[in-house]
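These notes are about the structure you will find just below.
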Amino acid sequence: MSNAPAEALPTEEVDLSYANKVIDKYLTLPGNLMPVLQGIQDEYGFVPKPAIDLVAERLNVYPSQIYGVLTFYAQFHLKPRGRFIIRVCVGTACHVQGAERIVETFFEKLGIGHAETSPDLRYTFEKVACLGACGMAPLAMVNDDTFGKMTVQKVGEIITEYNQRPLK
Ligand code: FES
């Protein structure tokens, strides 16, 4: 999985006061590693490396243990994610309705590939398996908004619309 544009971001310059607050909240509770990591991800949108070091120090666990948890559970992200998460279904029903063409069009227009984030942190793109609405294939989602019967033209319309939305 590559995420080249986002890797260049200065994740070291993270304000750790939020992470400290989350750790304070769960510090004395048993089994606190998962809620602490979830709380940190909720605050930052991902789990920044300096926060991992902080958690290791304050909860007295090895960083390798924390990385083990973070890489085991797909819900966790180690890199910054976009404000808008674009998901295009490549399940069977969507595939036969031309999902790959939709994916390629997003790649061309956004300049990022699968599991990548745009340098301005506006978009993260992901190919996903069946989203459970096969009757609307091919299907795309932007955050919680669903777009059925996708076409190449609709890709352009979606990007135009979300380009106008504020980043915060
Ligand atoms: S295969 Fe795409 S929604 Fe089911």
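Just so we're on the same page: first chain in the structure tokens is A, next is B, and so on; residues restart at 1 for each chain, and ligands are numbered from 1 in the order they show up.
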Pick out each residue of chain A that DSSP on the backbone tags as alpha helix (DSSP H); I need them as a PyMOL selection string. chain A and resi 4-7+17-26+33-44+49-59+63-72+92-96+99-110+152-163
List as a PyMOL selection string the protein and nucleic acid residues near A:Leu54, meaning an atom at most 12 Å away when only C-alpha atoms are counted, but skip any in the same chain fewer than 3 places from it. chain A and resi 14-24+36-37+40+47-51+57-63+66
Keeping only N, CA and C atoms, write the selected residues as a JSON list (two decimals), in the first residue's frame.
```json
[["chain", "number", "residue", "atom", "x", "y", "z"],
["A", 14, "VAL", "N", 3.02, 17.59, 15.59],
["A", 14, "VAL", "CA", 1.68, 17.32, 16.09],
["A", 14, "VAL", "C", 1.54, 17.91, 17.49],
["A", 15, "ASP", "N", 0.41, 18.58, 17.73],
["A", 15, "ASP", "CA", 0.12, 19.10, 19.06],
["A", 15, "ASP", "C", -0.33, 17.91, 19.93],
["A", 16, "LEU", "N", 0.51, 17.50, 20.84],
["A", 16, "LEU", "CA", 0.22, 16.29, 21.61],
["A", 16, "LEU", "C", -0.70, 16.54, 22.81],
["A", 17, "SER", "N", -1.16, 17.77, 22.98],
["A", 17, "SER", "CA", -2.02, 18.02, 24.15],
["A", 17, "SER", "C", -3.32, 17.23, 24.05],
["A", 18, "TYR", "N", -3.83, 17.05, 22.82],
["A", 18, "TYR", "CA", -5.07, 16.26, 22.66],
["A", 18, "TYR", "C", -4.81, 14.80, 23.03],
["A", 19, "ALA", "N", -3.68, 14.28, 22.58],
["A", 19, "ALA", "CA", -3.33, 12.88, 22.89],
["A", 19, "ALA", "C", -3.18, 12.71, 24.39],
["A", 20, "ASN", "N", -2.57, 13.69, 25.05],
["A", 20, "ASN", "CA", -2.40, 13.61, 26.50],
["A", 20, "ASN", "C", -3.74, 13.58, 27.21],
["A", 21, "LYS", "N", -4.69, 14.39, 26.71],
["A", 21, "LYS", "CA", -6.02, 14.41, 27.32],
["A", 21, "LYS", "C", -6.69, 13.05, 27.21],
["A", 22, "VAL", "N", -6.57, 12.43, 26.02],
["A", 22, "VAL", "CA", -7.18, 11.11, 25.82],
["A", 22, "VAL", "C", -6.53, 10.10, 26.77],
["A", 23, "ILE", "N", -5.22, 10.15, 26.89],
["A", 23, "ILE", "CA", -4.52, 9.21, 27.77],
["A", 23, "ILE", "C", -4.94, 9.43, 29.23],
["A", 24, "ASP", "N", -5.04, 10.71, 29.63],
["A", 24, "ASP", "CA", -5.48, 11.02, 31.00],
["A", 24, "ASP", "C", -6.82, 10.36, 31.31],
["A", 36, "VAL", "N", -7.63, 4.22, 24.06],
["A", 36, "VAL", "CA", -6.70, 5.35, 23.91],
["A", 36, "VAL", "C", -6.39, 5.55, 22.43],
["A", 37, "LEU", "N", -6.09, 4.49, 21.72],
["A", 37, "LEU", "CA", -5.74, 4.63, 20.29],
["A", 37, "LEU", "C", -6.95, 5.12, 19.49],
["A", 40, "ILE", "N", -7.41, 8.81, 20.19],
["A", 40, "ILE", "CA", -6.40, 9.61, 19.49],
["A", 40, "ILE", "C", -6.76, 9.71, 18.00],
["A", 47, "VAL", "N", -3.44, 8.05, 13.54],
["A", 47, "VAL", "CA", -2.62, 7.95, 14.76],
["A", 47, "VAL", "C", -1.20, 8.39, 14.42],
["A", 48, "PRO", "N", -0.84, 9.62, 14.78],
["A", 48, "PRO", "CA", 0.48, 10.15, 14.42],
["A", 48, "PRO", "C", 1.60, 9.45, 15.20],
["A", 49, "LYS", "N", 2.76, 9.35, 14.57],
["A", 49, "LYS", "CA", 3.89, 8.66, 15.20],
["A", 49, "LYS", "C", 4.26, 9.25, 16.58],
["A", 50, "PRO", "N", 4.34, 10.59, 16.72],
["A", 50, "PRO", "CA", 4.69, 11.11, 18.04],
["A", 50, "PRO", "C", 3.68, 10.70, 19.11],
["A", 51, "ALA", "N", 2.41, 10.52, 18.71],
["A", 51, "ALA", "CA", 1.39, 10.08, 19.68],
["A", 51, "ALA", "C", 1.64, 8.63, 20.07],
["A", 57, "GLU", "N", 5.15, 5.48, 26.18],
["A", 57, "GLU", "CA", 5.79, 5.97, 27.39],
["A", 57, "GLU", "C", 4.81, 6.03, 28.56],
["A", 58, "ARG", "N", 3.65, 6.58, 28.30],
["A", 58, "ARG", "CA", 2.72, 6.81, 29.41],
["A", 58, "ARG", "C", 1.98, 5.54, 29.85],
["A", 59, "LEU", "N", 1.72, 4.62, 28.91],
["A", 59, "LEU", "CA", 1.05, 3.37, 29.30],
["A", 59, "LEU", "C", 2.04, 2.26, 29.60],
["A", 60, "ASN", "N", 3.33, 2.59, 29.41],
["A", 60, "ASN", "CA", 4.38, 1.63, 29.69],
["A", 60, "ASN", "C", 4.25, 0.34, 28.85],
["A", 61, "VAL", "N", 4.04, 0.54, 27.56],
["A", 61, "VAL", "CA", 4.00, -0.61, 26.62],
["A", 61, "VAL", "C", 5.03, -0.36, 25.52],
["A", 62, "TYR", "N", 5.46, -1.43, 24.88],
["A", 62, "TYR", "CA", 6.44, -1.27, 23.81],
["A", 62, "TYR", "C", 5.78, -0.67, 22.58],
["A", 63, "PRO", "N", 6.47, 0.25, 21.88],
["A", 63, "PRO", "CA", 5.90, 0.78, 20.62],
["A", 63, "PRO", "C", 5.56, -0.35, 19.63],
["A", 66, "ILE", "N", 2.16, -1.51, 20.15],
["A", 66, "ILE", "CA", 1.16, -0.57, 19.64],
["A", 66, "ILE", "C", 1.05, -0.69, 18.12]]
```
Can I get the residues close to ligand 1 as a PyMOL selection string, where close means within 10 Å and we count only C-alpha atoms and all ligand atoms? chain A and resi 88-97+99+128-140+148
Would you compute the distance between atom CA of A:Thr117 and atom CA of A:Ser64? Give it in Å to one decimal.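 Computing the Euclidean distance for atom CA of A:Thr117 and atom CA of A:Ser64 yields 25.3 Å.
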Closest of A:Phe106, A:Phe125, A:Tyr162, A:Phe46 to A:His77 - atom-to-atom distances counting only C-alpha atoms: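 For A:His77, the nearest of the candidates is A:Phe46.
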Calculated over only C-alpha atoms, which of the candidates A:Ile102, A:Gln153, A:Asp53, A:Val69 has the smallest distance to A:Gln38? A:Val69
